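*Asks:* As input, take entry05.cif (mmCIF, C-alpha atoms and all ligand atoms):
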```
data_my_file
loop_
_atom_site.label_atom_id
_atom_site.label_comp_id
_atom_site.auth_asym_id
_atom_site.auth_seq_id
_atom_site.Cartn_x
_atom_site.Cartn_y
_atom_site.Cartn_z
CA MET F 6 0.00 0.00 0.00
CA LYS F 7 1.49 3.30 -1.10
CA ILE F 8 1.62 6.11 1.48
CA LEU F 9 2.74 9.65 0.69
CA VAL F 10 4.72 11.38 3.41
CA THR F 11 5.18 15.10 2.74
CA GLY F 12 8.11 16.56 4.64
CA GLY F 13 9.30 12.98 5.04
CA LEU F 14 12.95 13.95 5.49
CA GLY F 15 12.19 16.20 8.47
CA PHE F 16 12.46 15.30 12.15
CA ILE F 17 9.08 13.68 12.78
CA GLY F 18 8.55 12.76 9.12
CA SER F 19 11.69 10.66 8.86
CA HIS F 20 10.92 8.70 12.04
CA THR F 21 7.41 8.08 10.73
CA VAL F 22 8.76 6.80 7.40
CA VAL F 23 10.84 4.27 9.36
CA GLU F 24 7.79 3.02 11.29
CA LEU F 25 5.68 2.86 8.11
CA GLN F 26 8.34 0.81 6.33
CA ASN F 27 8.69 -1.43 9.39
CA GLU F 28 4.96 -2.13 9.09
CA GLY F 29 5.25 -3.03 5.42
CA PHE F 30 3.95 0.16 3.80
CA GLU F 31 5.46 1.42 0.58
CA VAL F 32 6.49 5.03 1.20
CA VAL F 33 6.83 7.92 -1.20
CA ILE F 34 8.50 10.96 0.31
CA ILE F 35 8.22 14.46 -1.01
CA ASP F 36 10.33 17.16 0.57
CA ASP F 37 11.68 20.49 -0.69
CA LEU F 38 14.89 20.11 1.40
CA SER F 39 14.39 23.66 2.73
CA ASN F 40 14.90 22.45 6.30
CA SER F 41 16.16 18.91 5.84
CA SER F 42 19.03 16.96 4.36
CA ILE F 43 19.06 14.45 1.51
CA ASP F 44 21.33 12.27 3.69
CA VAL F 45 18.32 11.39 5.85
CA ILE F 46 17.37 8.88 3.14
CA ASP F 47 20.56 6.95 3.92
CA GLY F 48 19.64 6.87 7.61
CA ILE F 49 16.15 5.54 6.85
CA THR F 50 17.62 2.95 4.51
CA ALA F 51 20.20 1.86 7.10
CA ILE F 52 17.50 1.28 9.72
CA THR F 53 14.85 -0.42 7.60
CA GLY F 54 16.87 -1.97 4.77
CA ILE F 55 14.51 -0.27 2.33
CA LYS F 56 15.26 2.88 0.37
CA PRO F 57 12.08 4.95 0.19
CA HIS F 58 11.05 6.58 -3.08
CA PHE F 59 11.92 10.29 -2.90
CA GLU F 60 10.98 13.29 -4.99
CA GLN F 61 12.27 16.77 -4.30
CA LEU F 62 9.19 18.89 -4.76
CA ASP F 63 8.07 22.33 -3.66
CA LEU F 64 4.42 22.02 -2.65
CA LYS F 65 3.95 25.76 -3.17
CA ILE F 66 4.10 25.23 -6.93
CA ARG F 67 0.60 24.10 -7.73
CA SER F 68 1.37 22.69 -11.20
CA LYS F 69 4.11 20.48 -9.73
CA VAL F 70 1.72 19.18 -7.10
CA GLU F 71 -0.82 18.34 -9.82
CA ASP F 72 1.82 16.56 -11.89
CA PHE F 73 2.97 14.55 -8.89
CA PHE F 74 -0.52 13.30 -8.09
CA LYS F 75 -1.21 12.43 -11.75
CA ALA F 76 1.83 10.17 -11.63
CA HIS F 77 0.86 8.70 -8.23
CA ASN F 78 -2.92 8.28 -8.36
CA ASP F 79 -2.64 4.98 -6.47
CA ILE F 80 -1.75 6.62 -3.17
CA ALA F 81 -3.75 5.06 -0.31
CA GLY F 82 -3.00 7.67 2.34
CA ILE F 83 -1.17 10.92 2.96
CA ILE F 84 0.67 12.01 6.09
CA HIS F 85 1.24 15.72 5.72
CA PHE F 86 4.22 17.02 7.70
CA ALA F 87 5.61 19.54 5.22
CA ALA F 88 5.54 22.92 6.95
CA SER F 89 7.73 25.56 8.53
CA LYS F 90 7.86 25.30 12.30
CA ALA F 91 9.92 28.03 13.96
CA VAL F 92 7.68 30.14 16.17
CA GLY F 93 9.99 33.18 16.30
CA GLU F 94 10.67 33.16 12.57
CA SER F 95 6.94 33.06 11.90
CA VAL F 96 6.50 36.34 13.79
CA GLN F 97 9.14 37.95 11.54
CA LYS F 98 7.90 36.37 8.30
CA PRO F 99 4.15 35.80 8.61
CA LEU F 100 3.43 35.65 4.89
CA MET F 101 6.14 33.06 4.36
CA TYR F 102 4.47 30.92 7.02
CA TYR F 103 0.98 31.34 5.58
CA GLU F 104 2.27 30.49 2.12
CA ASN F 105 4.39 27.52 3.27
CA ASN F 106 1.85 26.03 5.65
CA ILE F 107 -1.54 27.03 4.25
CA ASN F 108 -1.16 27.25 0.45
CA THR F 109 0.53 23.87 0.38
CA LEU F 110 -2.19 22.28 2.52
CA VAL F 111 -4.87 23.62 0.18
CA TYR F 112 -3.07 22.25 -2.90
CA VAL F 113 -2.64 18.81 -1.34
CA LEU F 114 -6.30 18.71 -0.25
CA LYS F 115 -7.40 19.67 -3.78
CA GLU F 116 -5.44 16.76 -5.19
CA ILE F 117 -6.51 14.22 -2.56
CA GLY F 118 -10.09 14.99 -3.57
CA LYS F 119 -9.36 13.41 -6.96
CA LEU F 120 -7.99 10.16 -5.50
CA GLN F 121 -9.85 6.92 -4.95
CA HIS F 122 -8.52 6.61 -1.40
CA GLN F 123 -8.75 9.84 0.55
CA ASN F 124 -7.04 9.22 3.88
CA PHE F 125 -5.29 12.22 5.36
CA ILE F 126 -3.28 12.83 8.53
CA PHE F 127 -2.34 16.35 9.55
CA SER F 128 0.49 17.46 11.85
CA SER F 129 -1.09 19.77 14.36
CA SER F 130 0.21 21.04 17.68
CA CYS F 131 -0.73 21.54 21.30
CA THR F 132 -0.03 25.19 20.55
CA VAL F 133 -3.71 25.42 19.52
CA TYR F 134 -4.66 25.26 23.23
CA GLY F 135 -2.43 28.18 24.30
CA GLN F 136 -2.36 28.27 28.11
CA ALA F 137 -5.18 25.86 28.82
CA ASP F 138 -7.38 26.61 31.83
CA GLU F 139 -7.32 22.98 32.97
CA LEU F 140 -4.54 20.41 33.07
CA PRO F 141 -4.11 17.81 31.74
CA ILE F 142 -5.38 19.14 28.42
CA THR F 143 -8.19 17.19 26.74
CA GLU F 144 -9.13 17.48 23.08
CA ASN F 145 -12.23 19.37 24.20
CA ALA F 146 -10.22 22.23 25.68
CA PRO F 147 -11.02 25.43 23.80
CA VAL F 148 -8.73 26.55 21.01
CA LYS F 149 -7.19 29.85 22.15
CA PRO F 150 -6.18 32.80 19.94
CA ALA F 151 -2.81 31.89 18.43
CA GLU F 152 0.32 33.46 19.91
CA SER F 153 2.18 33.36 16.58
CA PRO F 154 1.58 33.04 12.84
CA TYR F 155 3.01 29.51 13.12
CA GLY F 156 0.40 28.57 15.73
CA ASN F 157 -2.25 30.23 13.62
CA THR F 158 -1.33 28.07 10.62
CA LYS F 159 -2.04 24.96 12.73
CA GLN F 160 -5.43 26.30 13.84
CA ILE F 161 -6.38 27.45 10.34
CA GLY F 162 -5.06 24.17 8.91
CA GLU F 163 -7.41 22.18 11.13
CA GLU F 164 -10.32 24.45 10.14
CA ILE F 165 -9.55 24.04 6.44
CA ILE F 166 -9.58 20.24 6.78
CA LYS F 167 -12.78 20.30 8.84
CA ASP F 168 -14.55 22.51 6.29
CA THR F 169 -13.39 20.26 3.46
CA CYS F 170 -14.59 17.14 5.28
CA ARG F 171 -18.03 18.73 5.63
CA VAL F 172 -18.50 18.87 1.85
CA ASN F 173 -16.47 15.80 0.92
CA SER F 174 -17.63 12.72 2.80
CA GLU F 175 -15.02 10.62 0.95
CA LEU F 176 -12.27 12.46 2.78
CA ASN F 177 -11.20 10.77 6.03
CA SER F 178 -8.88 12.78 8.19
CA ILE F 179 -7.17 12.89 11.55
CA ALA F 180 -5.38 15.88 13.06
CA LEU F 181 -2.69 14.90 15.55
CA ARG F 182 -1.89 17.53 18.15
CA TYR F 183 1.69 16.94 19.23
CA PHE F 184 2.99 18.02 22.60
CA ASN F 185 6.82 18.36 22.71
CA PRO F 186 8.53 15.84 20.41
CA ILE F 187 12.14 15.13 21.38
CA GLY F 188 14.80 12.45 21.02
CA ALA F 189 16.06 10.48 18.05
CA HIS F 190 15.98 6.98 16.65
CA PRO F 191 17.85 4.66 19.09
CA SER F 192 20.14 3.59 16.23
CA ALA F 193 21.34 7.23 15.90
CA GLN F 194 20.84 6.93 12.14
CA ILE F 195 18.24 9.73 12.11
CA GLY F 196 17.40 12.55 14.51
CA GLU F 197 16.72 16.25 14.78
CA LEU F 198 18.79 18.60 12.60
CA PRO F 199 18.03 22.15 13.73
CA LYS F 200 19.29 24.92 11.48
CA GLY F 201 21.39 27.55 13.23
CA VAL F 202 20.85 28.20 16.92
CA PRO F 203 18.25 25.76 18.25
CA GLN F 204 15.09 27.34 19.61
CA ASN F 205 13.88 24.17 21.33
CA LEU F 206 15.10 22.92 24.67
CA VAL F 207 16.56 19.48 23.94
CA PRO F 208 18.76 20.32 20.93
CA PHE F 209 20.02 23.31 22.91
CA ILE F 210 20.87 21.01 25.82
CA THR F 211 22.75 18.50 23.66
CA GLN F 212 24.58 21.23 21.72
CA THR F 213 25.65 22.83 25.01
CA ALA F 214 26.88 19.52 26.37
CA ILE F 215 28.89 18.82 23.23
CA GLY F 216 30.51 22.25 23.39
CA LEU F 217 28.77 24.02 20.51
CA ARG F 218 26.95 26.42 22.87
CA GLU F 219 28.43 27.85 26.00
CA GLN F 220 25.43 27.83 28.26
CA LEU F 221 21.76 26.93 28.25
CA SER F 222 19.44 29.74 29.29
CA VAL F 223 16.53 28.41 31.31
CA PHE F 224 13.70 30.77 30.46
CA GLY F 225 12.04 31.72 33.72
CA GLY F 226 12.58 30.46 37.26
CA ASP F 227 9.56 32.14 38.80
CA TYR F 228 6.65 30.29 37.22
CA PRO F 229 3.98 28.95 39.59
CA THR F 230 5.30 25.38 39.27
CA GLN F 231 7.05 23.06 41.72
CA ASP F 232 10.56 24.32 40.88
CA GLY F 233 9.65 27.60 39.16
CA THR F 234 10.44 26.46 35.60
CA GLY F 235 7.99 25.77 32.77
CA ILE F 236 6.29 22.41 32.41
CA ARG F 237 5.90 20.49 29.14
CA ASP F 238 4.95 17.02 27.99
CA TYR F 239 8.07 15.67 26.27
CA ILE F 240 7.27 12.77 23.96
CA HIS F 241 9.85 10.49 22.35
CA VAL F 242 9.77 10.97 18.58
CA VAL F 243 9.67 7.18 18.02
CA ASP F 244 6.47 6.89 20.09
CA LEU F 245 5.08 9.84 18.17
CA ALA F 246 5.98 8.26 14.83
CA LYS F 247 4.23 5.03 15.80
CA ALA F 248 1.06 6.97 16.56
CA HIS F 249 0.95 8.06 12.92
CA VAL F 250 0.97 4.46 11.76
CA VAL F 251 -1.85 3.60 14.18
CA ALA F 252 -3.85 6.63 13.01
CA LEU F 253 -3.30 5.69 9.37
CA GLN F 254 -4.45 2.12 10.01
CA ARG F 255 -7.55 3.50 11.70
CA LEU F 256 -8.40 5.44 8.54
CA LEU F 257 -7.54 2.59 6.16
CA GLN F 258 -9.71 0.20 8.17
CA ARG F 259 -12.57 2.73 8.26
CA LYS F 260 -12.62 2.62 12.06
CA ASN F 261 -13.08 6.36 12.42
CA GLU F 262 -16.50 7.48 13.70
CA SER F 263 -16.38 10.77 11.85
CA ASN F 264 -14.35 11.98 8.91
CA PHE F 265 -12.50 14.60 10.95
CA GLN F 266 -11.02 13.58 14.28
CA VAL F 267 -8.48 15.13 16.61
CA PHE F 268 -6.12 13.36 19.00
CA ASN F 269 -3.60 14.66 21.51
CA LEU F 270 -0.24 12.93 21.30
CA GLY F 271 1.69 13.20 24.54
CA THR F 272 2.80 11.08 27.45
CA GLY F 273 0.38 12.63 29.92
CA LYS F 274 3.26 13.53 32.20
CA GLY F 275 4.50 17.08 32.67
CA SER F 276 8.20 17.68 33.28
CA SER F 277 9.83 20.94 34.27
CA VAL F 278 12.86 22.35 32.47
CA LEU F 279 15.01 21.47 35.49
CA GLU F 280 13.69 17.88 35.44
CA ALA F 281 14.55 17.66 31.77
CA ILE F 282 18.08 18.87 32.54
CA GLN F 283 18.40 16.35 35.40
CA SER F 284 17.29 13.56 33.08
CA PHE F 285 19.90 14.61 30.53
CA GLU F 286 22.64 14.78 33.18
CA LYS F 287 21.71 11.34 34.48
CA VAL F 288 21.77 9.53 31.13
CA SER F 289 24.80 11.37 29.72
CA GLY F 290 26.88 11.50 32.88
CA ARG F 291 27.64 15.15 32.10
CA LYS F 292 27.00 18.29 34.10
CA LEU F 293 25.18 20.87 32.03
CA ASN F 294 26.15 24.52 32.18
CA TYR F 295 22.89 26.42 32.57
CA LYS F 296 21.59 29.65 34.04
CA ILE F 297 18.10 30.75 34.93
CA VAL F 298 17.20 33.93 33.02
CA ASP F 299 14.04 35.92 32.31
CA ARG F 300 10.94 34.28 30.92
CA ARG F 301 10.69 33.91 27.13
CA GLU F 302 7.89 35.91 25.55
CA GLY F 303 4.94 33.82 24.42
CA ASP F 304 5.76 30.78 26.60
CA VAL F 305 2.92 29.10 28.45
CA VAL F 306 3.44 28.06 32.07
CA ALA F 307 2.44 24.43 31.75
CA ALA F 308 1.06 22.09 29.11
CA TYR F 309 0.62 18.33 29.23
CA ALA F 310 -1.79 16.02 27.54
CA ASP F 311 -4.78 14.10 28.71
CA THR F 312 -4.03 10.89 26.83
CA ASN F 313 -7.33 9.06 27.40
CA LYS F 314 -8.69 9.61 23.90
CA ALA F 315 -5.45 8.54 22.21
CA ASN F 316 -5.22 5.50 24.54
CA ASP F 317 -8.84 4.35 24.37
CA VAL F 318 -10.09 5.44 20.95
CA LEU F 319 -6.92 5.40 18.87
CA GLY F 320 -5.48 2.46 20.81
CA TRP F 321 -2.02 3.93 21.18
CA ARG F 322 0.14 4.81 24.16
CA THR F 323 3.71 5.87 24.71
CA GLU F 324 6.27 3.22 25.65
CA LEU F 325 9.44 5.26 26.06
CA THR F 326 10.50 7.55 28.91
CA LEU F 327 12.05 10.99 29.18
CA ASP F 328 15.35 9.28 30.01
CA ASP F 329 15.08 7.14 26.84
CA ALA F 330 14.46 10.27 24.79
CA MET F 331 17.37 12.16 26.35
CA ALA F 332 19.72 9.20 25.89
CA SER F 333 18.78 8.92 22.21
CA ALA F 334 19.12 12.68 21.65
CA TRP F 335 22.57 12.58 23.22
CA LYS F 336 23.66 9.56 21.18
CA TRP F 337 22.51 11.37 18.03
CA GLU F 338 24.31 14.61 18.92
CA GLN F 339 27.55 12.64 19.48
CA LYS F 340 27.12 10.79 16.21
CA ILE F 341 26.60 13.93 14.08
CA ARG F 342 29.56 15.69 15.73
CA ASN F 343 31.77 12.59 15.26
CA VAL F 344 32.48 12.33 18.98
N1 LIG O 1 13.42 26.45 27.14
C1 LIG O 1 14.47 26.97 27.87
N2 LIG O 1 15.61 27.30 27.19
C2 LIG O 1 15.75 27.13 25.85
C3 LIG O 1 14.68 26.60 25.12
C4 LIG O 1 13.52 26.27 25.80
O1 LIG O 1 14.37 27.14 29.08
O2 LIG O 1 16.81 27.47 25.32
C5 LIG O 1 12.19 26.07 27.85
C6 LIG O 1 10.97 26.82 27.40
O3 LIG O 1 10.83 28.04 28.08
C7 LIG O 1 9.86 25.80 27.70
C8 LIG O 1 10.55 24.47 27.47
O4 LIG O 1 11.94 24.72 27.58
O5 LIG O 1 9.49 25.89 29.06
C9 LIG O 1 10.27 23.86 26.11
O6 LIG O 1 10.57 24.82 25.13
P1 LIG O 1 10.65 24.42 23.57
O7 LIG O 1 11.06 25.65 22.81
O8 LIG O 1 11.47 23.21 23.40
O9 LIG O 1 9.17 24.01 23.25
P2 LIG O 1 7.84 24.89 23.34
O10 LIG O 1 6.97 24.20 24.33
O11 LIG O 1 8.09 26.32 23.52
O12 LIG O 1 7.36 24.71 21.85
C10 LIG O 1 6.35 23.85 21.55
C11 LIG O 1 6.49 23.34 20.10
C12 LIG O 1 6.14 24.43 19.11
C13 LIG O 1 4.89 25.13 19.52
C14 LIG O 1 5.02 25.69 20.91
C15 LIG O 1 3.84 26.49 21.33
O13 LIG O 1 7.80 22.88 19.86
O14 LIG O 1 5.93 23.79 17.86
O15 LIG O 1 5.19 24.58 21.78
O16 LIG O 1 3.97 26.95 22.63
F1 LIG O 1 4.58 26.14 18.70
#
```
Represent the supplied structure as structure tokens.
Ligand code: UFG
*Replies:*
Amino acid sequence: MKILVTGGLGFIGSHTVVELQNEGFEVVIIDDLSNSSIDVIDGITAITGIKPHFEQLDLKIRSKVEDFFKAHNDIAGIIHFAASKAVGESVQKPLMYYENNINTLVYVLKEIGKLQHQNFIFSSSCTVYGQADELPITENAPVKPAESPYGNTKQIGEEIIKDTCRVNSELNSIALRYFNPIGAHPSAQIGELPKGVPQNLVPFITQTAIGLREQLSVFGGDYPTQDGTGIRDYIHVVDLAKAHVVALQRLLQRKNESNFQVFNLGTGKGSSVLEAIQSFEKVSGRKLNYKIVDRREGDVVAAYADTNKANDVLGWRTELTLDDAMASAWKWEQKIRNV
């Protein structure tokens, strides 16, 4: 069965390709390489023994998208990762984000409407909840006004899919709202490849430990949490990738009760920044140089998932721990720096 993975050379995309191939799916990757490396194909091939079909394609060029789908009209499902994802950059370049994340989604949805099998999975984010009033966060928590153009593209993206599902009953879709994906494949063949200075916590930790950055700034030590630092739900990228396969199987087997469904993907456990650092120090055996500084603008205090719907309805749960994720991230950082 042929599955299209857009953005399949990115962080979550590449791990999902591995899990799809492990489950026997034939994968076609499209990626524009704007924030990924062609070498990721070698990593996927090394892990699975199968080289996925790859086409370098810019989804913003509508005619190219049409041509691609004409040549691949036997696609049984699409997992749509391709998007820009840096919150700060999106504030500086809103139109780039709307074009990259919204235009491309519209073009893909137009083409899926012409296919025989219209199964679609969308990468969404817990950012749609903003600072939720109640923790853990269920899928019924209200969507809050977006803090950034990036967050807005995830909210609008979900709305676009929902509206399309209303008029096209053939379209079966699931939006997956990720909490904080971290870690790497345990083989260290694939992992996260942030461009420039990492904005996210874990790559900043590993780059500091390896000597690329002098010191980690912990943003805020005066939050109303047990140790004063922000709380997040860190989910191992391999667990997250497996959830995509489960969601796809749900669509392929027509198990979905409605043609637009939303699931939170998290562990259900909140960890503070200091707990994340402790976990890293434990698994790496290294002391991390860090300093508590002012809060970062736009950060929520705490966010972690209520996992009941994903556990009971989707039939998926996480298997790996924060320590597993930190160990794999560290192994990956050492591998890419040849240490
Ligand atoms: N943090 C630091 N220092 C850093 C980086 C992060 O202390 O150098 C802290 C943050 O303040 C936060 C936690 O580590 O408490 C996690 O921060 P990340 O940047 O790794 O992740 P965020 O929770 O901020 O980002 C996530 C997703 C985004 C999404 C955003 C919305 O990665 O896609 O939530 O809030 F948009």
*Asks:* Which polymer residues, whether protein, DNA or RNA, lie within 7 Å of the coordinate (13.0, 16.1, 24.3) when you count only C-alpha atoms? List them as a compact mmCIF listing (two decimals) with C-alpha atoms, keeping the file's coordinate frame, using the chain letters and numbers from the file.
*Replies:*
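Output below, filename result.txt:
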```
# COMPACT_ATOMS: atom_id res chain seq x y z
CA ASN F 185 6.82 18.36 22.71
CA PRO F 186 8.53 15.84 20.41
CA ILE F 187 12.14 15.13 21.38
CA GLY F 188 14.80 12.45 21.02
CA VAL F 207 16.56 19.48 23.94
CA TYR F 239 8.07 15.67 26.27
CA ILE F 240 7.27 12.77 23.96
CA HIS F 241 9.85 10.49 22.35
CA ALA F 330 14.46 10.27 24.79
CA MET F 331 17.37 12.16 26.35
```
*Asks:* Which one of F:Leu279, F:Met6, F:Ala76, F:Ala88 sits closest to F:Phe30 if you count all atoms listed in the file?
*Replies:*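 The closest residue to F:Phe30 is F:Met6.
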*Asks:* Quick one, how far is atom CA of F:Ala334 from atom CA of F:Arg182?
*Replies:*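 Going from atom CA of F:Ala334 over to atom CA of F:Arg182 covers 21.8 Å.
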*Asks:* Each residue of chain F lying at most 6 Å from ligand LIG 1 (chain O) should get a row with its shortest atom-to-atom pair and the distance in Å to one decimal, counting only C-alpha atoms and all ligand atoms; could you produce that, ordered by chain and increasing number, as a Markdown table?
*Replies:*
```
| residue | atom | partner | partner_atom | distance |
| --- | --- | --- | --- | --- |
| F:Val92 | CA | O:LIG1 | F1 | 5.7 |
| F:Thr132 | CA | O:LIG1 | C15 | 4.2 |
| F:Gly156 | CA | O:LIG1 | F1 | 5.7 |
| F:Asn185 | CA | O:LIG1 | O13 | 5.4 |
| F:Gln204 | CA | O:LIG1 | O7 | 5.4 |
| F:Asn205 | CA | O:LIG1 | O8 | 3.3 |
| F:Leu206 | CA | O:LIG1 | C3 | 3.7 |
| F:Phe209 | CA | O:LIG1 | O2 | 5.8 |
| F:Leu221 | CA | O:LIG1 | O2 | 5.8 |
| F:Ser222 | CA | O:LIG1 | N2 | 5.0 |
| F:Val223 | CA | O:LIG1 | O1 | 3.4 |
| F:Phe224 | CA | O:LIG1 | O1 | 3.9 |
| F:Gly235 | CA | O:LIG1 | O5 | 4.0 |
| F:Ile236 | CA | O:LIG1 | O5 | 5.8 |
| F:Val278 | CA | O:LIG1 | O4 | 5.5 |
| F:Arg301 | CA | O:LIG1 | O3 | 5.9 |
| F:Asp304 | CA | O:LIG1 | O16 | 5.8 |
```
*Asks:* Atoms to include: C-alpha atoms. Write the selected residues as a short mmCIF file (atom, residue, chain, number, x, y, z; two decimals), in the frame of the given file.
*Replies:*
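Final output, saved to out-v2.cif:
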```cif
data_model
loop_
_atom_site.label_atom_id
_atom_site.label_comp_id
_atom_site.auth_asym_id
_atom_site.auth_seq_id
_atom_site.Cartn_x
_atom_site.Cartn_y
_atom_site.Cartn_z
CA VAL F 92 7.68 30.14 16.17
CA THR F 132 -0.03 25.19 20.55
CA GLY F 156 0.40 28.57 15.73
CA ASN F 185 6.82 18.36 22.71
CA GLN F 204 15.09 27.34 19.61
CA ASN F 205 13.88 24.17 21.33
CA LEU F 206 15.10 22.92 24.67
CA PHE F 209 20.02 23.31 22.91
CA LEU F 221 21.76 26.93 28.25
CA SER F 222 19.44 29.74 29.29
CA VAL F 223 16.53 28.41 31.31
CA PHE F 224 13.70 30.77 30.46
CA GLY F 235 7.99 25.77 32.77
CA ILE F 236 6.29 22.41 32.41
CA VAL F 278 12.86 22.35 32.47
CA ARG F 301 10.69 33.91 27.13
CA ASP F 304 5.76 30.78 26.60
#
```
*Asks:* Which residue is closest to F:Leu253? Choose from F:Val172, F:Val70, F:Ile49, F:Ile179 and count only C-alpha atoms.
*Replies:*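 Under the stated criterion, the closest residue is F:Ile179.
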*Asks:* When distances are computed from only C-alpha atoms, which of F:Glu286, F:Glu144, F:Asp138, F:Glu175 shows the smallest separation from F:Thr211?
*Replies:*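 Smallest separation from F:Thr211 among the options: F:Glu286.
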*Asks:* Considering all atoms listed in the file, can you say which of F:Lys56, F:His249, F:Arg237, F:Lys260 comes closest to F:Ala307?
*Replies:*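 The shortest atom-to-atom distance to F:Ala307 comes from F:Arg237.
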*Asks:* Report as a ChimeraX atom specification all protein, DNA and RNA residues lying within 10 Å of F:Ser192, evaluated on only C-alpha atoms, omitting residues in the same chain fewer than 3 positions from it.
*Replies:* /F:48,51-52,189,195-196,333,336-337
*Asks:* Which of these, F:Leu100, F:Ala91, F:Val23, F:Ala248, has the shortest distance to F:Phe268 once you count only C-alpha atoms?
*Replies:*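 Smallest separation from F:Phe268 among the options: F:Ala248.
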*Asks:* Considering only C-alpha atoms, return as a list in words whatever protein or nucleic-acid residues lie within 12 Å of F:Gly29, sequence-local ones (same chain, fewer than 5 positions apart) excluded.
*Replies:*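 Result of the neighbour search: Met6, Lys7, Ile8, Val22, Val23, Glu24, Thr53, Gly54, Ile55, Pro57, Val250 and Gln254 of chain F.
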*Asks:* Show me as a list of chain:residue names the residues that reach within 9 Å of (-10.7, 11.3, 14.4), counting only C-alpha atoms and using the file's own coordinates.
*Replies:*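 Residues with an atom close enough to that point: F:Asn177, F:Ser178, F:Ile179, F:Ala180, F:Leu181, F:Ala252, F:Arg255, F:Leu256, F:Asn261, F:Glu262, F:Ser263, F:Asn264, F:Phe265, F:Gln266, F:Val267, F:Phe268, F:Val318, F:Leu319.
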*Asks:* One decimal, Å: what's the distance from atom CA of F:Thr312 over to atom CA of F:His122, could you say?
*Replies:*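 About the pair atom CA of F:Thr312 and atom CA of F:His122: they are 28.9 Å apart.
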*Asks:* Quick one, how far is atom CA of F:Gln194 from atom CA of F:Asp63?
*Replies:* 25.5 Å
*Asks:* Which of these, F:Arg342, F:His77, F:His190, F:Lys314, has the shortest distance to F:Asn145 once you count only C-alpha atoms?
*Replies:* F:Lys314
*Asks:* For the interface of stretch 36-92 of chain F with stretch 102-121 of chain F (cut-off 9 Å, counting all atoms listed in the file), please tabulate each contacting residue of stretch 36-92 of chain F alongside its nearest pair of atoms and their separation in Å to one decimal, rows sorted by chain and increasing number, as JSON lines.
*Replies:*
```
{"residue": "F:Asp63", "atom": "CA", "partner": "F:Thr109", "partner_atom": "CA", "distance": 8.7}
{"residue": "F:Leu64", "atom": "CA", "partner": "F:Thr109", "partner_atom": "CA", "distance": 5.3}
{"residue": "F:Lys65", "atom": "CA", "partner": "F:Thr109", "partner_atom": "CA", "distance": 5.3}
{"residue": "F:Ile66", "atom": "CA", "partner": "F:Thr109", "partner_atom": "CA", "distance": 8.2}
{"residue": "F:Arg67", "atom": "CA", "partner": "F:Tyr112", "partner_atom": "CA", "distance": 6.3}
{"residue": "F:Val70", "atom": "CA", "partner": "F:Tyr112", "partner_atom": "CA", "distance": 7.1}
{"residue": "F:Glu71", "atom": "CA", "partner": "F:Glu116", "partner_atom": "CA", "distance": 6.7}
{"residue": "F:Phe74", "atom": "CA", "partner": "F:Glu116", "partner_atom": "CA", "distance": 6.7}
{"residue": "F:Lys75", "atom": "CA", "partner": "F:Glu116", "partner_atom": "CA", "distance": 8.9}
{"residue": "F:Asn78", "atom": "CA", "partner": "F:Leu120", "partner_atom": "CA", "distance": 6.1}
{"residue": "F:Asp79", "atom": "CA", "partner": "F:Leu120", "partner_atom": "CA", "distance": 7.5}
{"residue": "F:Ile80", "atom": "CA", "partner": "F:Leu120", "partner_atom": "CA", "distance": 7.5}
{"residue": "F:Ala81", "atom": "CA", "partner": "F:Gln121", "partner_atom": "CA", "distance": 7.9}
{"residue": "F:Gly82", "atom": "CA", "partner": "F:Ile117", "partner_atom": "CA", "distance": 8.9}
{"residue": "F:Ile83", "atom": "CA", "partner": "F:Ile117", "partner_atom": "CA", "distance": 8.4}
{"residue": "F:His85", "atom": "CA", "partner": "F:Leu110", "partner_atom": "CA", "distance": 8.1}
{"residue": "F:Ala87", "atom": "CA", "partner": "F:Asn106", "partner_atom": "CA", "distance": 7.5}
{"residue": "F:Ala88", "atom": "CA", "partner": "F:Asn106", "partner_atom": "CA", "distance": 5.0}
{"residue": "F:Ser89", "atom": "CA", "partner": "F:Tyr102", "partner_atom": "CA", "distance": 6.5}
{"residue": "F:Lys90", "atom": "CA", "partner": "F:Tyr102", "partner_atom": "CA", "distance": 8.4}
```
*Asks:* Tell me, as a list in words, which residues lie within 12 Å of F:Arg218, counting all atoms listed in the file; anything in the same chain fewer than 5 positions away does not count.
*Replies:* Gly201, Val202, Pro203, Pro208, Phe209, Ile210, Thr211, Gln212, Thr213, Leu293, Asn294 and Tyr295 of chain F
*Asks:* What's around F:Glu324 at 10 Å? Count only C-alpha atoms, leave out sequence neighbours fewer than 3 positions away in its own chain, and write the answer as a PyMOL selection string.
*Replies:* chain F and resi 240-241+243-244+272+321+329
*Asks:* Could you write those residues out with C-alpha atoms, as a PDB file, in the coordinates of the input?
*Replies:*
```
ATOM      1  CA  ILE F 240       7.270  12.770  23.960  1.00  0.00           C
ATOM      2  CA  HIS F 241       9.850  10.490  22.350  1.00  0.00           C
ATOM      3  CA  VAL F 243       9.670   7.180  18.020  1.00  0.00           C
ATOM      4  CA  ASP F 244       6.470   6.890  20.090  1.00  0.00           C
ATOM      5  CA  THR F 272       2.800  11.080  27.450  1.00  0.00           C
ATOM      6  CA  TRP F 321      -2.020   3.930  21.180  1.00  0.00           C
ATOM      7  CA  ASP F 329      15.080   7.140  26.840  1.00  0.00           C
TER       8      ASP F 329
END
```
*Asks:* What's around F:Pro154 at 7 Å? Count only C-alpha atoms, leave out sequence neighbours fewer than 4 positions away in its own chain, and write the answer as a tab-separated table (two decimals) with C-alpha atoms, in the frame of the given file.
*Replies:*
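Printed below is around-v9.tsv as written:
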```tsv
chain	number	residue	atom	x	y	z
F	95	SER	CA	6.94	33.06	11.90
F	96	VAL	CA	6.50	36.34	13.79
F	99	PRO	CA	4.15	35.80	8.61
F	102	TYR	CA	4.47	30.92	7.02
F	158	THR	CA	-1.33	28.07	10.62
```
